[in-house]
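Here's the structure we're looking at; comments come further down.
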Amino acid sequence: MSDNKIPQATAKRLPLYYRFLNNLYAKGKLRVSSKELSEAVKVDSATIRRDFSYFGALGKKGYGYNVEYLLGFFRKTLDQDEITRIVLIGVGNLGTAFLQYNFTKNNNTKIEMAFDADPNKVGQVIGGVPIYHIDDLEEKISNITVAILTVPVSEAQIITDRLIQAGTSGILNFTPARITVPDEVRVHHIDLAVELQSLVYFLKHYPLDGGTE
Ligand code: ATP
């Protein structure tokens, strides 16, 4: 892959940059300074300059970065021209919220189908996404390689194993379960309770003094 040399921390900021630049482009802006970018995306400008040097974008003093060039780069790197299909497992409170809250709009991902074990949920369409029975998982997801996991913690590993068996290579895990996967499968873990607890802890023990950025 051609983007292998971009550090992971930089790669994680790509979607953030992309979204902001897309807005600028839509407003007809041709260039942007690292300072403007920094204020908008809340990343310090030294980091932005370093990140952008990996993209082959060298800002010119007093000119800034060429918005169209950067967008072209991001589109290619993030495969914006190609929509990645996603599957969601577990249409409970959280899963339903994800289906209803169309966070993949203006994005290169699309939740295409959802699965649940509850017969009352199967057959419904939420936020335009059809819900199938979990028994039909393997038969339906043959070409989908990314999954969002919002099942109860007790089901997380079993469903994970089935997803991987069916060819899933990326899982966004919203359950508190620390799931076990083979080396070639990537899991991003988002535990909302832990994140909240960590925020509260940081507020208490590492108060921001403000004005230093
Ligand atoms: P709700 O109030 O709708 O049950 P919840 O988020 O509190 O929502 P959970 O117990 O966390 O409920 O379950 C989340 C969803 O996962 C539910 O819709 C449940 O039916 C579904 N679910 C449970 N077991 C499985 C399974 N093995 N495969 C797929 N979905 C499952």
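To be explicit about the labels: the chains of the structure tokens are called A, B, and onward in the order shown, and within each one the residues are counted from 1, while ligands get numbers from 1 in the order they are shown.
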Item to check | Expected selection as an MDAnalysis selection string for ligand 1 within 10 Å, only C-alpha atoms and all ligand atoms | outcome: chainID A and resid 88:97 114:122 132:135 137 149:159 175
Just write the chosen residues, N, CA and C atoms, as a CSV table (one decimal), in the first residue's frame.
```csv
chain,number,residue,atom,x,y,z
A,88,LEU,N,-23.9,-3.6,11.3
A,88,LEU,CA,-24.0,-3.3,12.7
A,88,LEU,C,-24.7,-4.5,13.4
A,89,ILE,N,-24.1,-5.0,14.5
A,89,ILE,CA,-24.7,-6.1,15.2
A,89,ILE,C,-25.2,-5.7,16.6
A,90,GLY,N,-26.5,-5.9,16.8
A,90,GLY,CA,-27.1,-5.5,18.1
A,90,GLY,C,-27.8,-4.2,18.1
A,91,VAL,N,-29.1,-4.3,17.8
A,91,VAL,CA,-29.9,-3.1,17.6
A,91,VAL,C,-30.7,-2.8,18.9
A,92,GLY,N,-29.9,-2.6,20.0
A,92,GLY,CA,-30.5,-2.2,21.3
A,92,GLY,C,-30.5,-0.6,21.3
A,93,ASN,N,-30.4,-0.1,22.5
A,93,ASN,CA,-30.5,1.4,22.6
A,93,ASN,C,-29.4,2.1,21.8
A,94,LEU,N,-28.1,1.6,22.0
A,94,LEU,CA,-27.0,2.2,21.4
A,94,LEU,C,-27.0,2.0,19.8
A,95,GLY,N,-27.2,0.7,19.5
A,95,GLY,CA,-27.3,0.3,18.1
A,95,GLY,C,-28.3,1.1,17.3
A,96,THR,N,-29.5,1.3,17.9
A,96,THR,CA,-30.6,2.0,17.3
A,96,THR,C,-30.2,3.5,17.1
A,97,ALA,N,-29.5,4.0,18.1
A,97,ALA,CA,-29.1,5.4,18.0
A,97,ALA,C,-28.1,5.6,16.8
A,114,ALA,N,-28.2,-4.4,9.5
A,114,ALA,CA,-28.0,-4.7,10.9
A,114,ALA,C,-28.6,-6.0,11.3
A,115,PHE,N,-28.1,-6.6,12.4
A,115,PHE,CA,-28.6,-7.9,12.8
A,115,PHE,C,-28.9,-7.9,14.3
A,116,ASP,N,-29.9,-8.7,14.6
A,116,ASP,CA,-30.3,-8.8,16.0
A,116,ASP,C,-30.9,-10.1,16.3
A,117,ALA,N,-30.9,-10.6,17.6
A,117,ALA,CA,-31.5,-11.9,17.9
A,117,ALA,C,-32.9,-11.8,18.3
A,118,ASP,N,-33.4,-10.6,18.5
A,118,ASP,CA,-34.8,-10.4,19.0
A,118,ASP,C,-35.8,-10.4,17.8
A,119,PRO,N,-36.7,-11.4,17.7
A,119,PRO,CA,-37.6,-11.5,16.6
A,119,PRO,C,-38.5,-10.2,16.4
A,120,ASN,N,-38.7,-9.5,17.5
A,120,ASN,CA,-39.5,-8.2,17.4
A,120,ASN,C,-38.7,-7.2,16.6
A,121,LYS,N,-37.4,-7.2,16.6
A,121,LYS,CA,-36.6,-6.2,15.9
A,121,LYS,C,-36.3,-6.6,14.4
A,122,VAL,N,-36.3,-7.9,14.2
A,122,VAL,CA,-36.0,-8.5,12.9
A,122,VAL,C,-37.1,-8.1,11.9
A,132,TYR,N,-31.8,-7.8,10.1
A,132,TYR,CA,-32.0,-9.2,9.8
A,132,TYR,C,-31.7,-10.0,11.1
A,133,HIS,N,-32.1,-11.3,11.0
A,133,HIS,CA,-31.8,-12.2,12.2
A,133,HIS,C,-30.4,-12.6,12.2
A,134,ILE,N,-29.8,-12.6,13.4
A,134,ILE,CA,-28.4,-13.0,13.6
A,134,ILE,C,-28.1,-14.3,13.0
A,135,ASP,N,-29.1,-15.2,12.9
A,135,ASP,CA,-28.8,-16.5,12.3
A,135,ASP,C,-28.5,-16.4,10.8
A,137,LEU,N,-26.5,-14.1,9.6
A,137,LEU,CA,-25.3,-13.3,9.4
A,137,LEU,C,-24.4,-13.8,8.3
A,149,LEU,N,-20.0,-3.3,16.7
A,149,LEU,CA,-20.5,-4.3,17.7
A,149,LEU,C,-21.2,-3.6,18.8
A,150,THR,N,-22.5,-3.7,18.9
A,150,THR,CA,-23.3,-3.1,20.0
A,150,THR,C,-24.2,-4.2,20.6
A,151,VAL,N,-23.7,-5.4,20.8
A,151,VAL,CA,-24.4,-6.4,21.5
A,151,VAL,C,-24.1,-6.4,23.0
A,152,PRO,N,-24.8,-7.2,23.8
A,152,PRO,CA,-24.5,-7.3,25.2
A,152,PRO,C,-23.1,-7.9,25.3
A,153,VAL,N,-22.4,-7.5,26.4
A,153,VAL,CA,-21.0,-8.0,26.6
A,153,VAL,C,-20.9,-9.5,26.6
A,154,SER,N,-21.9,-10.2,27.0
A,154,SER,CA,-21.8,-11.7,27.1
A,154,SER,C,-21.8,-12.3,25.7
A,155,GLU,N,-22.3,-11.5,24.7
A,155,GLU,CA,-22.4,-12.0,23.3
A,155,GLU,C,-21.2,-11.6,22.4
A,156,ALA,N,-20.4,-10.7,23.0
A,156,ALA,CA,-19.4,-10.0,22.1
A,156,ALA,C,-18.4,-11.0,21.5
A,157,GLN,N,-17.8,-11.9,22.3
A,157,GLN,CA,-16.8,-12.8,21.7
A,157,GLN,C,-17.4,-13.8,20.7
A,158,ILE,N,-18.6,-14.3,21.0
A,158,ILE,CA,-19.2,-15.3,20.1
A,158,ILE,C,-19.5,-14.6,18.8
A,159,ILE,N,-20.1,-13.4,18.8
A,159,ILE,CA,-20.4,-12.7,17.6
A,159,ILE,C,-19.1,-12.4,16.8
A,175,THR,N,-18.8,-2.6,23.0
A,175,THR,CA,-19.1,-3.4,24.2
A,175,THR,C,-17.9,-3.2,25.1
```
Checklist entry - Running DSSP on the backbone, which parts of range 139-182 of chain A land in alpha helix (DSSP H), as a ChimeraX atom specification? => result /A:139-140,156-165
Item to check | Shell around Ile144 in chain A at 9 Å using only C-alpha atoms, local window under 2 positions removed, as a list in words | outcome: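 So the residues in contact are Thr84, Arg85, Ile86, Val87, Glu112, Lys140, Ile141, Ser142, Val146, Ala147, Ala166, Gly167 and Thr168 of chain A.
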Those same residues - N, CA and C atoms - I'd like them written as a PDB file, in the first residue's frame.
```
ATOM      1  N   THR A  84     -17.251   2.300   1.802  1.00  0.00           N
ATOM      2  CA  THR A  84     -17.047   1.076   2.574  1.00  0.00           C
ATOM      3  C   THR A  84     -18.360   0.706   3.250  1.00  0.00           C
ATOM      4  N   ARG A  85     -18.792  -0.502   3.013  1.00  0.00           N
ATOM      5  CA  ARG A  85     -20.060  -0.955   3.590  1.00  0.00           C
ATOM      6  C   ARG A  85     -19.809  -1.518   4.987  1.00  0.00           C
ATOM      7  N   ILE A  86     -20.717  -1.167   5.884  1.00  0.00           N
ATOM      8  CA  ILE A  86     -20.557  -1.548   7.283  1.00  0.00           C
ATOM      9  C   ILE A  86     -21.772  -2.339   7.730  1.00  0.00           C
ATOM     10  N   VAL A  87     -21.553  -3.238   8.670  1.00  0.00           N
ATOM     11  CA  VAL A  87     -22.658  -3.971   9.252  1.00  0.00           C
ATOM     12  C   VAL A  87     -22.694  -3.660  10.747  1.00  0.00           C
ATOM     13  N   GLU A 112     -24.957  -0.702   6.083  1.00  0.00           N
ATOM     14  CA  GLU A 112     -25.815  -1.254   5.044  1.00  0.00           C
ATOM     15  C   GLU A 112     -26.879  -2.188   5.600  1.00  0.00           C
ATOM     16  N   LYS A 140     -25.494 -13.305   4.728  1.00  0.00           N
ATOM     17  CA  LYS A 140     -25.732 -11.954   4.207  1.00  0.00           C
ATOM     18  C   LYS A 140     -24.478 -11.085   4.081  1.00  0.00           C
ATOM     19  N   ILE A 141     -23.462 -11.344   4.895  1.00  0.00           N
ATOM     20  CA  ILE A 141     -22.378 -10.351   4.945  1.00  0.00           C
ATOM     21  C   ILE A 141     -21.137 -10.719   4.136  1.00  0.00           C
ATOM     22  N   SER A 142     -21.309 -11.575   3.159  1.00  0.00           N
ATOM     23  CA  SER A 142     -20.126 -12.100   2.479  1.00  0.00           C
ATOM     24  C   SER A 142     -19.176 -11.021   1.964  1.00  0.00           C
ATOM     25  N   VAL A 146     -16.338  -4.708   7.519  1.00  0.00           N
ATOM     26  CA  VAL A 146     -16.240  -3.866   8.716  1.00  0.00           C
ATOM     27  C   VAL A 146     -17.538  -3.973   9.522  1.00  0.00           C
ATOM     28  N   ALA A 147     -17.388  -4.153  10.844  1.00  0.00           N
ATOM     29  CA  ALA A 147     -18.576  -4.325  11.681  1.00  0.00           C
ATOM     30  C   ALA A 147     -18.539  -3.415  12.898  1.00  0.00           C
ATOM     31  N   ALA A 166     -16.597 -15.130   8.974  1.00  0.00           N
ATOM     32  CA  ALA A 166     -17.297 -14.711   7.750  1.00  0.00           C
ATOM     33  C   ALA A 166     -16.484 -13.697   6.941  1.00  0.00           C
ATOM     34  N   GLY A 167     -15.275 -13.350   7.409  1.00  0.00           N
ATOM     35  CA  GLY A 167     -14.406 -12.494   6.606  1.00  0.00           C
ATOM     36  C   GLY A 167     -14.251 -11.060   7.088  1.00  0.00           C
ATOM     37  N   THR A 168     -14.792 -10.739   8.252  1.00  0.00           N
ATOM     38  CA  THR A 168     -14.646  -9.378   8.776  1.00  0.00           C
ATOM     39  C   THR A 168     -13.194  -9.107   9.168  1.00  0.00           C
TER      40      THR A 168
END
```
Item to check | CA of Arg31 in chain A to CA of Arg49 in chain A, distance in Å rounded to a single decimal | outcome: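 Pair CA of Arg31 in chain A / CA of Arg49 in chain A returns 14.4 Å.
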Next on the checklist: I need the residues in range 83-212 of chain A that are strand (DSSP E or B) according to DSSP; give them as a count of residues only.
Outcome noted: 33
Checklist entry - Which polymer residues have any atom within 10 Å of an atom of Arg13 in chain A, counting only C-alpha atoms, with same-chain residues fewer than 3 positions away left out, as a list in words? => result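 Residues near the query, excluding close chain neighbours: Gln8, Ala9, Thr10, Leu16, Tyr17, Tyr18, Val41, Val43, Ile48 and Asp51 of chain A.
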For those residues, write N, CA and C atoms to a file as a PDB file, in the first residue's frame.
```pdb
ATOM      1  N   GLN A   8       0.827   6.257  12.216  1.00  0.00           N
ATOM      2  CA  GLN A   8      -0.557   5.965  12.601  1.00  0.00           C
ATOM      3  C   GLN A   8      -1.249   7.163  13.238  1.00  0.00           C
ATOM      4  N   ALA A   9      -0.501   7.926  14.063  1.00  0.00           N
ATOM      5  CA  ALA A   9      -1.109   9.081  14.732  1.00  0.00           C
ATOM      6  C   ALA A   9      -1.567  10.101  13.689  1.00  0.00           C
ATOM      7  N   THR A  10      -0.760  10.269  12.640  1.00  0.00           N
ATOM      8  CA  THR A  10      -1.128  11.181  11.550  1.00  0.00           C
ATOM      9  C   THR A  10      -2.345  10.649  10.811  1.00  0.00           C
ATOM     10  N   LEU A  16     -10.328  14.036  10.149  1.00  0.00           N
ATOM     11  CA  LEU A  16     -10.588  15.345  10.749  1.00  0.00           C
ATOM     12  C   LEU A  16     -10.205  16.449   9.763  1.00  0.00           C
ATOM     13  N   TYR A  17      -8.993  16.340   9.236  1.00  0.00           N
ATOM     14  CA  TYR A  17      -8.527  17.312   8.240  1.00  0.00           C
ATOM     15  C   TYR A  17      -9.455  17.294   7.030  1.00  0.00           C
ATOM     16  N   TYR A  18      -9.787  16.098   6.618  1.00  0.00           N
ATOM     17  CA  TYR A  18     -10.591  15.953   5.410  1.00  0.00           C
ATOM     18  C   TYR A  18     -11.920  16.688   5.539  1.00  0.00           C
ATOM     19  N   VAL A  41      -9.401  22.652  13.838  1.00  0.00           N
ATOM     20  CA  VAL A  41      -9.416  21.230  14.187  1.00  0.00           C
ATOM     21  C   VAL A  41      -8.789  20.945  15.554  1.00  0.00           C
ATOM     22  N   VAL A  43      -5.682  21.070  16.605  1.00  0.00           N
ATOM     23  CA  VAL A  43      -4.412  20.336  16.604  1.00  0.00           C
ATOM     24  C   VAL A  43      -3.347  21.420  16.467  1.00  0.00           C
ATOM     25  N   ILE A  48       0.398  19.907  12.668  1.00  0.00           N
ATOM     26  CA  ILE A  48      -0.227  19.990  11.344  1.00  0.00           C
ATOM     27  C   ILE A  48       0.829  20.072  10.250  1.00  0.00           C
ATOM     28  N   ASP A  51       2.401  16.684   9.921  1.00  0.00           N
ATOM     29  CA  ASP A  51       1.454  15.771   9.258  1.00  0.00           C
ATOM     30  C   ASP A  51       1.426  16.042   7.759  1.00  0.00           C
TER      31      ASP A  51
END
```
Checklist entry - Counting only C-alpha atoms, which of A:Lys12, A:Arg19, A:Lys5, A:Lys42 gets nearest to Tyr54 in chain A? => result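 Counting only C-alpha atoms, the residue closest to Tyr54 in chain A is A:Lys5.
Every protein or nucleic acid residue with an atom no more than 8 Å from Leu70 in chain A, counting only C-alpha atoms and leaving out same-chain residues fewer than 4 positions away, appears here: Leu21, Phe55, Ala57, Tyr65, Asn66 and Phe74 of chain A.
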